[in-house]
file model03.cif (mmCIF, C-alpha atoms)
data_start
loop_
_atom_site.label_atom_id
_atom_site.label_comp_id
_atom_site.auth_asym_id
_atom_site.auth_seq_id
_atom_site.Cartn_x
_atom_site.Cartn_y
_atom_site.Cartn_z
CA MET A 1233 82.85 97.22 94.83
CA ALA A 1234 86.03 95.42 93.83
CA ASP A 1235 89.08 97.69 93.62
CA ASP A 1236 89.74 96.68 89.99
CA VAL A 1237 86.20 97.46 88.86
CA ILE A 1238 85.51 101.18 88.43
CA PRO A 1239 81.94 101.98 87.37
CA ASP A 1240 81.12 104.62 84.82
CA VAL A 1241 80.15 108.08 86.11
CA LEU A 1242 78.17 110.62 84.13
CA LEU A 1243 78.78 114.31 84.85
CA PHE A 1244 75.66 116.32 84.08
CA ALA A 1245 76.38 120.02 83.56
CA GLY A 1246 74.54 123.14 82.56
CA ARG A 1247 75.63 125.47 79.76
CA PHE A 1248 79.37 126.05 80.04
CA GLN A 1249 80.48 129.58 80.90
CA VAL A 1250 83.82 131.08 81.87
CA ARG A 1251 83.36 130.74 85.64
CA GLY A 1252 84.69 128.70 88.53
CA SER A 1253 81.89 126.12 88.56
CA CYS A 1254 82.52 125.22 84.92
CA ALA A 1255 86.28 125.03 85.47
CA TYR A 1256 85.44 122.53 88.23
CA THR A 1257 83.67 120.28 85.71
CA LEU A 1258 86.52 120.50 83.20
CA ARG A 1259 89.08 119.58 85.85
CA LEU A 1260 87.09 116.51 86.90
CA LEU A 1261 86.58 115.55 83.26
CA GLN A 1262 90.30 115.74 82.55
CA ARG A 1263 91.75 114.31 85.77
CA LEU A 1264 89.41 111.41 86.59
CA PRO A 1265 90.28 109.42 83.42
CA GLU A 1266 93.98 110.01 84.14
CA LEU A 1267 93.40 108.15 87.40
CA GLY A 1268 91.62 105.31 85.61
CA TRP A 1269 88.07 106.37 86.36
CA PRO A 1270 85.83 106.38 83.26
CA VAL A 1271 83.76 109.55 83.16
CA ARG A 1272 81.83 111.51 80.56
CA VAL A 1273 79.83 114.71 80.53
CA VAL A 1274 76.63 115.85 78.88
CA CYS A 1275 75.57 119.48 78.70
CA PRO A 1276 73.53 121.87 76.56
CA ASN A 1277 76.51 123.80 75.17
CA ALA A 1278 80.28 123.88 75.65
CA SER A 1279 81.26 126.33 72.92
CA VAL A 1280 83.28 128.49 75.33
CA VAL A 1281 85.73 125.60 75.78
CA GLU A 1282 88.59 125.91 73.33
CA SER A 1283 87.78 123.65 70.36
CA THR A 1284 91.04 121.66 70.39
CA ARG A 1285 90.63 120.90 74.07
CA ARG A 1286 86.93 120.10 73.63
CA SER A 1287 87.64 117.57 70.90
CA LYS A 1288 89.85 115.56 73.26
CA LEU A 1289 87.29 115.31 76.06
CA PRO A 1290 84.45 112.77 76.48
CA LEU A 1291 81.90 115.55 76.20
CA VAL A 1292 78.53 115.40 74.43
CA GLU A 1293 76.44 118.50 73.80
CA TYR A 1294 72.64 118.48 73.51
CA PRO A 1295 71.74 121.86 72.00
CA TYR A 1296 68.55 123.45 73.32
CA LEU A 1297 68.48 121.14 76.35
CA ASP A 1298 68.09 124.24 78.52
CA SER A 1299 65.48 125.77 76.20
CA TRP A 1300 61.93 126.09 77.47
CA LEU A 1301 60.46 125.27 74.05
CA TRP A 1302 62.71 122.44 72.81
CA GLY A 1303 64.12 121.22 76.12
CA LEU A 1304 61.39 118.67 76.77
CA VAL A 1305 62.06 117.04 73.39
CA VAL A 1306 65.84 117.14 73.65
CA ARG A 1307 65.90 115.62 77.12
CA TYR A 1308 64.13 112.50 75.82
CA LEU A 1309 66.72 112.22 73.04
CA MET A 1310 69.40 112.47 75.70
CA LEU A 1311 67.65 109.84 77.80
CA ARG A 1312 67.49 107.48 74.82
CA ASP A 1313 71.25 107.85 74.30
CA GLN A 1314 72.14 107.38 77.97
CA ARG A 1315 70.06 104.22 78.22
CA LEU A 1316 72.41 102.60 75.70
CA ALA A 1317 75.17 102.72 78.32
CA PRO A 1318 73.64 103.78 81.64
CA PRO A 1319 76.06 105.05 84.30
CA ARG A 1320 76.32 103.69 87.82
CA LEU A 1321 76.37 107.20 89.22
CA LEU A 1322 75.25 110.64 88.02
CA HIS A 1323 77.15 113.67 89.29
CA ILE A 1324 75.10 116.85 88.80
CA GLN A 1325 77.58 119.69 88.56
CA SER A 1326 75.58 122.64 89.87
CA ARG A 1327 72.18 123.80 91.06
CA ARG A 1328 71.35 125.22 87.63
CA ALA A 1329 71.57 121.69 86.21
CA LEU A 1330 69.63 120.08 89.05
CA ALA A 1331 66.10 119.96 87.60
CA THR A 1332 67.08 118.10 84.43
CA GLY A 1333 69.81 116.10 86.14
CA SER A 1334 67.53 114.71 88.84
CA TRP A 1335 64.91 113.87 86.20
CA LEU A 1336 67.54 111.95 84.24
CA ALA A 1337 68.61 110.06 87.38
CA ARG A 1338 65.03 108.98 88.04
CA GLN A 1339 64.51 107.81 84.49
CA LEU A 1340 67.75 105.83 84.51
CA GLY A 1341 67.21 104.47 88.03
CA CYS A 1342 70.59 105.91 88.91
CA PRO A 1343 71.74 107.50 92.20
CA TYR A 1344 73.14 111.00 91.99
CA VAL A 1345 75.50 113.38 93.73
CA LEU A 1346 75.04 117.15 93.51
CA THR A 1347 77.74 119.83 93.84
CA VAL A 1348 76.67 123.21 95.25
CA HIS A 1349 79.08 126.06 94.57
CA ASP A 1350 77.36 128.98 96.27
CA HIS A 1351 74.84 130.00 98.88
CA LEU A 1352 71.16 129.63 98.13
CA ARG A 1353 69.40 132.82 97.14
CA PRO A 1354 66.78 134.22 99.56
CA LYS A 1355 63.62 132.07 99.44
CA GLU A 1356 65.24 129.67 96.95
CA ARG A 1357 64.03 126.08 97.28
CA LEU A 1358 66.38 123.19 96.63
CA HIS A 1359 64.39 120.53 94.74
CA ILE A 1360 66.39 117.38 95.37
CA ASP A 1361 65.02 113.87 94.98
CA PRO A 1362 65.04 112.06 98.35
CA HIS A 1363 64.87 108.69 96.57
CA TRP A 1364 67.94 109.13 94.36
CA CYS A 1365 70.13 111.84 95.90
CA ARG A 1366 72.92 110.17 97.85
CA ARG A 1367 75.27 113.03 98.76
CA ILE A 1368 75.68 116.76 98.25
CA ILE A 1369 79.15 118.21 97.79
CA ALA A 1370 79.58 121.70 99.23
CA VAL A 1371 82.68 123.56 98.04
CA SER A 1372 83.21 125.19 101.44
CA GLN A 1373 82.13 124.93 105.05
CA SER A 1374 80.19 128.16 104.52
CA VAL A 1375 78.13 126.56 101.74
CA LYS A 1376 77.51 123.48 103.91
CA THR A 1377 76.25 125.64 106.77
CA ASN A 1378 73.98 127.53 104.39
CA LEU A 1379 72.50 124.27 103.06
CA MET A 1380 71.84 123.05 106.59
CA THR A 1381 70.16 126.29 107.68
CA SER A 1382 68.41 127.51 104.51
CA ALA A 1383 67.43 124.15 102.99
CA ARG A 1384 67.33 122.27 106.32
CA LEU A 1385 69.43 119.43 104.94
CA PRO A 1386 70.89 116.91 107.39
CA GLU A 1387 74.60 117.32 108.04
CA SER A 1388 75.25 113.67 107.17
CA LEU A 1389 74.11 114.28 103.58
CA ILE A 1390 76.68 117.01 102.90
CA ALA A 1391 80.39 116.52 102.26
CA VAL A 1392 82.78 119.46 102.02
CA ILE A 1393 85.21 119.11 99.11
CA ALA A 1394 86.91 122.38 98.24
CA SER A 1395 87.37 123.21 94.58
CA GLY A 1396 90.95 122.67 93.49
CA VAL A 1397 93.12 124.53 91.00
CA GLU A 1398 96.29 123.86 89.06
CA VAL A 1399 99.54 125.08 90.59
CA THR A 1400 101.84 125.93 87.71
CA THR A 1401 105.41 127.24 87.48
CA LEU A 1402 105.80 130.90 88.30
CA ASP A 1403 107.59 133.41 86.11
CA GLU A 1404 110.08 134.65 88.69
CA ALA A 1405 111.32 137.32 86.28
CA LEU A 1406 108.06 139.28 86.66
CA PRO A 1407 107.08 139.42 90.34
CA PRO A 1408 103.95 141.37 91.35
CA LEU A 1409 104.42 145.14 91.29
CA ASP A 1410 107.74 144.97 89.48
CA PRO A 1411 108.94 148.58 89.13
CA GLY A 1412 109.53 148.16 85.41
CA HIS A 1413 105.86 148.36 84.44
CA THR A 1414 102.61 150.13 85.30
CA PRO A 1415 100.79 148.25 88.09
CA VAL A 1416 97.67 146.34 87.08
CA VAL A 1417 94.88 145.80 89.61
CA GLY A 1418 92.17 143.47 88.40
CA THR A 1419 89.25 141.22 89.01
CA ALA A 1420 87.92 138.24 87.05
CA GLY A 1421 84.77 136.19 86.94
CA PRO A 1422 81.17 136.40 85.77
CA LEU A 1423 79.91 139.98 85.57
CA GLU A 1424 76.85 139.64 87.78
CA SER A 1425 75.26 141.83 90.43
CA LEU A 1426 76.35 139.63 93.35
CA LYS A 1427 79.99 140.05 92.36
CA GLY A 1428 80.02 143.63 93.68
CA LEU A 1429 81.89 145.04 90.69
CA PRO A 1430 80.53 148.62 90.96
CA PHE A 1431 82.38 148.84 94.29
CA PHE A 1432 85.58 147.76 92.52
CA LEU A 1433 85.16 150.51 89.91
CA ASN A 1434 84.42 153.11 92.57
CA ALA A 1435 87.55 152.01 94.43
CA ALA A 1436 89.50 152.33 91.17
CA ARG A 1437 88.31 155.93 90.81
CA GLN A 1438 89.52 156.72 94.31
CA VAL A 1439 92.94 155.17 93.69
CA LEU A 1440 93.35 157.06 90.41
CA SER A 1441 92.27 160.32 92.05
CA THR A 1442 95.49 160.21 94.12
CA GLY A 1443 97.51 160.66 90.94
CA ARG A 1444 98.95 157.13 90.90
CA GLN A 1445 99.63 155.53 87.54
CA VAL A 1446 97.60 152.34 87.71
CA GLU A 1447 95.71 150.24 85.15
CA PHE A 1448 92.56 148.35 86.12
CA LEU A 1449 91.37 145.14 84.47
CA VAL A 1450 87.92 143.52 84.49
CA ALA A 1451 88.00 140.02 82.92
CA GLY A 1452 84.80 138.12 82.27
CA ALA A 1453 81.36 138.44 80.74
CA GLY A 1454 77.82 138.52 81.99
CA PRO A 1455 74.60 140.50 82.26
CA GLU A 1456 76.23 143.45 84.06
CA GLU A 1457 78.88 144.12 81.42
CA SER A 1458 77.14 147.05 79.72
CA ASN A 1459 76.24 148.63 83.07
CA LEU A 1460 79.83 148.36 84.26
CA ARG A 1461 81.21 149.88 81.07
CA ARG A 1462 78.76 152.76 81.44
CA LEU A 1463 79.74 153.24 85.08
CA ALA A 1464 83.42 153.40 84.13
CA ARG A 1465 82.59 156.19 81.67
CA GLU A 1466 80.47 158.05 84.23
CA LEU A 1467 83.29 157.85 86.78
CA GLY A 1468 85.72 159.23 84.22
CA ILE A 1469 88.07 156.24 84.39
CA ALA A 1470 87.19 154.41 81.15
CA SER A 1471 90.67 155.02 79.70
CA GLN A 1472 92.28 153.30 82.72
CA VAL A 1473 89.88 150.30 82.83
CA THR A 1474 90.20 147.47 80.34
CA PHE A 1475 87.36 144.99 79.90
CA VAL A 1476 88.30 141.54 78.55
CA PRO A 1477 85.05 139.64 77.83
CA ASN A 1478 85.95 137.02 75.20
CA LEU A 1479 87.83 134.36 77.11
CA CYS A 1480 88.17 130.59 77.28
CA ASP A 1481 89.69 130.83 80.77
CA PHE A 1482 91.19 133.42 83.09
CA GLU A 1483 94.86 132.40 83.04
CA ASP A 1484 96.15 135.21 80.80
CA PRO A 1485 94.37 138.10 82.56
CA LEU A 1486 95.35 136.72 85.98
CA ARG A 1487 99.00 136.61 84.91
CA ALA A 1488 98.69 140.22 83.76
CA MET A 1489 97.49 141.38 87.20
CA ASP A 1490 99.73 142.53 90.04
CA VAL A 1491 96.87 142.57 92.57
CA TYR A 1492 93.66 140.54 92.39
CA CYS A 1493 90.43 141.85 93.94
CA LEU A 1494 87.30 139.87 94.79
CA PRO A 1495 84.58 142.42 95.72
CA SER A 1496 81.74 139.86 95.93
CA LEU A 1497 78.69 140.45 98.07
CA GLN A 1498 78.26 136.68 98.41
CA GLN A 1499 80.77 133.92 97.69
CA GLY A 1500 80.69 130.14 98.00
CA LEU A 1501 84.47 129.72 97.87
CA GLY A 1502 86.27 131.76 95.19
CA THR A 1503 87.83 129.46 92.59
CA VAL A 1504 89.14 132.27 90.38
CA MET A 1505 90.70 133.84 93.46
CA LEU A 1506 92.42 130.52 94.15
CA GLU A 1507 93.80 130.60 90.60
CA ALA A 1508 95.20 134.07 91.23
CA MET A 1509 96.74 132.92 94.51
CA ALA A 1510 98.30 129.90 92.78
CA LEU A 1511 100.09 132.42 90.54
CA GLY A 1512 101.48 134.20 93.60
CA ARG A 1513 99.22 137.24 93.26
CA PRO A 1514 98.27 139.12 96.43
CA VAL A 1515 94.51 139.18 96.87
CA ILE A 1516 92.06 141.59 98.45
CA ALA A 1517 88.66 140.02 99.08
CA THR A 1518 85.44 140.90 100.82
CA GLY A 1519 84.82 138.99 104.03
CA VAL A 1520 81.86 136.92 102.90
CA GLY A 1521 81.02 133.21 102.79
CA GLY A 1522 83.76 130.81 101.84
CA VAL A 1523 86.38 133.57 101.50
CA TYR A 1524 87.17 132.97 105.17
CA ASP A 1525 88.14 129.38 104.28
CA ILE A 1526 90.96 130.81 102.16
CA VAL A 1527 92.03 134.30 103.18
CA ARG A 1528 93.49 135.10 106.57
CA ASP A 1529 93.72 138.88 106.81
CA GLY A 1530 97.32 140.04 106.75
CA GLU A 1531 98.66 136.51 106.21
CA THR A 1532 97.37 135.05 102.93
CA GLY A 1533 95.63 138.20 101.68
CA LEU A 1534 93.64 141.20 102.82
CA ILE A 1535 89.99 141.25 103.89
CA VAL A 1536 87.66 144.22 103.40
CA PRO A 1537 83.98 144.65 104.30
CA PRO A 1538 81.50 144.05 101.46
CA SER A 1539 80.07 147.11 99.64
CA ASP A 1540 82.88 149.34 100.95
CA SER A 1541 84.69 151.08 98.09
CA ASN A 1542 86.62 153.33 100.49
CA GLU A 1543 88.21 150.43 102.35
CA LEU A 1544 88.90 148.53 99.14
CA ALA A 1545 90.66 151.60 97.71
CA ARG A 1546 92.67 151.99 100.92
CA ARG A 1547 93.88 148.36 100.83
CA ILE A 1548 94.73 148.58 97.11
CA THR A 1549 96.81 151.69 97.83
CA GLU A 1550 98.42 149.92 100.76
CA LEU A 1551 99.76 147.18 98.49
CA LEU A 1552 100.75 149.56 95.69
CA ASP A 1553 102.87 151.48 98.20
CA ASP A 1554 104.50 148.37 99.66
CA PRO A 1555 105.49 145.93 96.87
CA LEU A 1556 107.55 143.77 99.23
CA ARG A 1557 104.55 143.15 101.45
CA ALA A 1558 102.38 142.47 98.41
CA ARG A 1559 104.84 139.83 97.20
CA SER A 1560 105.03 138.30 100.68
CA LEU A 1561 101.23 137.96 100.78
CA GLY A 1562 101.25 136.47 97.28
CA ALA A 1563 103.90 133.92 98.23
CA ALA A 1564 101.98 132.90 101.36
CA ALA A 1565 98.80 132.58 99.31
CA ARG A 1566 100.52 130.30 96.82
CA ARG A 1567 101.83 128.07 99.62
CA LEU A 1568 98.31 127.78 101.02
CA VAL A 1569 96.92 126.72 97.63
CA GLU A 1570 99.73 124.20 97.16
CA ARG A 1571 98.91 122.66 100.54
CA ASP A 1572 95.10 122.73 100.69
CA PHE A 1573 93.56 123.53 97.30
CA ARG A 1574 95.38 121.51 94.65
CA VAL A 1575 93.19 120.00 91.95
CA ASP A 1576 94.55 116.48 92.53
CA ARG A 1577 93.39 116.62 96.15
CA MET A 1578 89.88 117.65 95.03
CA VAL A 1579 89.75 114.85 92.46
CA ARG A 1580 90.88 112.16 94.89
CA GLN A 1581 88.36 113.24 97.52
CA THR A 1582 85.66 113.17 94.86
CA MET A 1583 86.69 109.66 93.81
CA GLU A 1584 86.50 108.51 97.42
CA LEU A 1585 82.97 109.89 97.66
CA TYR A 1586 81.99 108.11 94.41
CA ARG A 1587 83.24 104.81 95.81
CA GLU A 1588 81.45 105.37 99.10
CA VAL A 1589 78.15 106.07 97.32
CA ILE A 1590 78.40 103.19 94.85
CA ASP A 1591 79.60 100.67 97.44
CA GLY A 1592 76.73 101.55 99.76
CA ASP A 1593 73.99 101.83 97.14
CA VAL A 1594 71.11 99.36 97.40
CA GLY A 1595 68.67 101.05 95.04
CA PRO A 1596 66.09 103.77 95.57
CA ARG A 1597 65.37 104.79 99.12
CA THR A 1598 63.77 107.70 100.87
CA ILE A 1599 65.86 109.72 103.27
CA PRO A 1600 64.21 112.26 105.58
CA LEU A 1601 64.88 115.72 104.20
CA PRO A 1602 62.79 118.36 106.00
CA GLY A 1603 61.33 120.89 103.59
CA VAL A 1604 62.76 119.13 100.53
CA ARG A 1605 60.73 117.17 98.03
CA SER A 1606 61.14 115.55 94.66
CA LEU A 1607 59.88 117.20 91.50
CA GLY A 1608 57.06 115.46 89.70
CA ASN A 1609 56.87 115.51 85.91
CA ASP A 1610 54.11 118.12 85.99
CA GLU A 1611 56.45 120.51 87.82
CA PHE A 1612 59.51 119.82 85.71
CA ARG A 1613 58.83 122.44 83.06
CA SER A 1614 58.67 125.44 85.42
CA ALA A 1615 61.58 124.27 87.56
CA ASN A 1616 63.72 123.54 84.53
CA ASP A 1617 63.07 127.00 83.13
CA ASP A 1618 64.00 128.59 86.46
CA ARG A 1619 67.05 126.53 87.39
CA MET A 1620 68.89 126.17 84.11
CA THR A 1621 68.68 129.82 83.10
CA LYS A 1622 70.25 131.09 86.33
CA SER A 1623 73.99 130.94 86.80
CA GLU A 1624 75.62 129.67 89.94
#

call {"tool": "encode", "arguments": {"input": "model03.cif", "output": "structure tokens"}}
result
Amino acid sequence: MADDVIPDVLLFAGRFQVRGSCAYTLRLLQRLPELGWPVRVVCPNASVVESTRRSKLPLVEYPYLDSWLWGLVVRYLMLRDQRLAPPRLLHIQSRRALATGSWLARQLGCPYVLTVHDHLRPKERLHIDPHWCRRIIAVSQSVKTNLMTSARLPESLIAVIASGVEVTTLDEALPPLDPGHTPVVGTAGPLESLKGLPFFLNAARQVLSTGRQVEFLVAGAGPEESNLRRLARELGIASQVTFVPNLCDFEDPLRAMDVYCLPSLQQGLGTVMLEAMALGRPVIATGVGGVYDIVRDGETGLIVPPSDSNELARRITELLDDPLRARSLGAAARRLVERDFRVDRMVRQTMELYREVIDGDVGPRTIPLPGVRSLGNDEFRSANDDRMTKSE
């Protein structure tokens, strides 16, 4: 491919939610055109994106695309539109968009790249198309290892490109745990069972039982929200826990926190944690998955075992009692993000992968993928219903 010719890339996404994998899509969508790479995105719904920002992005919504009843009709309308200006490459943004995205690639005769943000669930099958899938992007080495062991994918198919975040100017007037205000310990992300949030609330109860004046913040929405609110009431801490569910992004709640906690039971990387670190917030995270790619215990944050409220409470108390150490951890975390997890680094590595795929593409081919097969049209309906209704 000539250096002055940059082919069009279509980003295919699932329904937008306030979560790290959707922030990943928005960052690509904004940054790639700034670097001269034409890109556009199609998705079922992007209403959570602030309307002014949405109007400035090359983003097309196809309502009901992820619906079981109307999805089969809407996808053919989408196909008709994309055939008017077919892309050279399709970048499927997550596993939940894979069924429809790989179908679209086949219909357009277009190679695709898939990004995987998290570990596969037990017994989950990864239905990739061996004729049209060219590369899989794993957001961490942990995710790559999981794909190689659980899905038996060849190592050569998988590229590790860590999710990147913006590194903005810090407000030096309000360092973490400033004595002039009540400390805020928080977490942010989708409210789902794998995020381990009951352990965070139980840790909050233990911290509050010591008599410390602390506020706790839970930012995000999801299927576990009502259960978590009920648990906070049952633990007797509802007045010290604030839930913030209606968000376009996590910037404001992260800035409000003095300490960020990631109590996940499973984690591909931890994009929201990276955002907190970029703001100089000290982090406490469970030692699972891709967290080890980011947090070095005692250096760039603190590590606790998963499902251990007692240890989480102890480490929270440790930081509350030693603000200078908390700020030192936050500063080291920010330096790490500036060096290894900037969004511009992620975008440039993604561009390099696009060029590699397009330059080497010679049309459909079959690559040996043990245990992986393409979906036929007769299987599309059930797979689509399963994949696009589950969050990643």

call {"tool": "residues_around", "arguments": {"input": "model03.cif", "residues": "Asn1434 in chain A", "least_positions_apart": "3", "cutoff": "12 Å", "atoms": "only C-alpha atoms", "output": "number ranges by chain"}}
result
A: 1428-1431, 1437-1441, 1448, 1460, 1463-1470, 1473, 1495, 1539-1546

call {"tool": "closest_atom_pairs", "arguments": {"input": "model03.cif", "of": "range 1249-1277 of chain A", "to": "range 1307-1321 of chain A", "cutoff": "10 Å", "atoms": "only C-alpha atoms", "output": "Markdown table"}}
result
| residue | atom | partner | partner_atom | distance |
| --- | --- | --- | --- | --- |
| A:Pro1270 | CA | A:Pro1319 | CA | 9.9 |
| A:Val1271 | CA | A:Pro1319 | CA | 9.0 |
| A:Arg1272 | CA | A:Pro1319 | CA | 9.4 |
| A:Val1274 | CA | A:Met1310 | CA | 8.6 |
| A:Cys1275 | CA | A:Met1310 | CA | 9.8 |
| A:Pro1276 | CA | A:Arg1307 | CA | 9.9 |

call {"tool": "write_last_selection", "arguments": {"input": "model03.cif", "atoms": "C-alpha atoms", "output": "PDB file, in the frame of the given file"}}
result
ATOM      1  CA  PRO A1270      85.830 106.380  83.260  1.00  0.00           C
ATOM      2  CA  VAL A1271      83.760 109.550  83.160  1.00  0.00           C
ATOM      3  CA  ARG A1272      81.830 111.510  80.560  1.00  0.00           C
ATOM      4  CA  VAL A1274      76.630 115.850  78.880  1.00  0.00           C
ATOM      5  CA  CYS A1275      75.570 119.480  78.700  1.00  0.00           C
ATOM      6  CA  PRO A1276      73.530 121.870  76.560  1.00  0.00           C
TER       7      PRO A1276
END

call {"tool": "closest_residue", "arguments": {"input": "model03.cif", "among": "A:Val1589, A:Val1520, A:Leu1497, A:Ala1510", "to": "Gly1562 in chain A", "atoms": "only C-alpha atoms"}}
result
A:Ala1510

call {"tool": "resolve_selection", "arguments": {"input": "model03.cif", "expression": "the PyMOL selection byres ((chain A and resi 1277) around 10)", "output": "list in words"}}
result
Ala1245, Gly1246, Arg1247, Phe1248, Gln1249, Val1274, Cys1275, Pro1276, Ala1278, Ser1279, Val1280, Val1281, Leu1291, Val1292, Glu1293, Tyr1294, Pro1295, Tyr1296, Leu1297 and Asp1298 of chain A

call {"tool": "residues_around", "arguments": {"input": "model03.cif", "residues": "Glu1531 in chain A", "least_positions_apart": "6", "cutoff": "9 Å", "atoms": "only C-alpha atoms", "output": "list in words"}}
result
Ser1560, Leu1561, Ala1564 and Ala1565 of chain A

call {"tool": "write_last_selection", "arguments": {"input": "model03.cif", "atoms": "C-alpha atoms", "output": "CSV table (one decimal), in the frame of the given file"}}
result
chain,number,residue,atom,x,y,z
A,1560,SER,CA,105.0,138.3,100.7
A,1561,LEU,CA,101.2,138.0,100.8
A,1564,ALA,CA,102.0,132.9,101.4
A,1565,ALA,CA,98.8,132.6,99.3

call {"tool": "atom_distance", "arguments": {"input": "model03.cif", "atom1": "CA of Asp1403 in chain A", "atom2": "CA of Arg1574 in chain A"}}
result
19.1 Å

call {"tool": "resolve_selection", "arguments": {"input": "model03.cif", "expression": "the PyMOL selection byres ((chain A and resi 1375-1382) around 9)", "output": "VMD selection string"}}
result
chain A and resid 1348 to 1352 1354 to 1358 1368 to 1374 1383 to 1387 1390 to 1392 1499 to 1501 1521 to 1522

call {"tool": "closest_residue", "arguments": {"input": "model03.cif", "among": "A:Ser1299, A:Thr1419, A:Thr1532, A:Thr1442", "to": "Asp1490 in chain A", "atoms": "all atoms listed in the file"}}
result
A:Thr1419

call {"tool": "residues_around", "arguments": {"input": "model03.cif", "residues": "Glu1507 in chain A", "least_positions_apart": "4", "cutoff": "12 Å", "atoms": "all atoms listed in the file", "output": "ChimeraX atom specification"}}
result
/A:1251-1252,1255-1256,1395-1400,1419-1421,1481-1487,1489,1492,1501-1503,1511-1515,1526,1562,1565-1566,1568-1570,1573-1575

call {"tool": "atom_distance", "arguments": {"input": "model03.cif", "atom1": "CA of Thr1549 in chain A", "atom2": "CA of Gln1472 in chain A"}}
result
15.9 Å

call {"tool": "atom_distance", "arguments": {"input": "model03.cif", "atom1": "CA of Gln1325 in chain A", "atom2": "CA of Val1345 in chain A"}}
result
8.4 Å
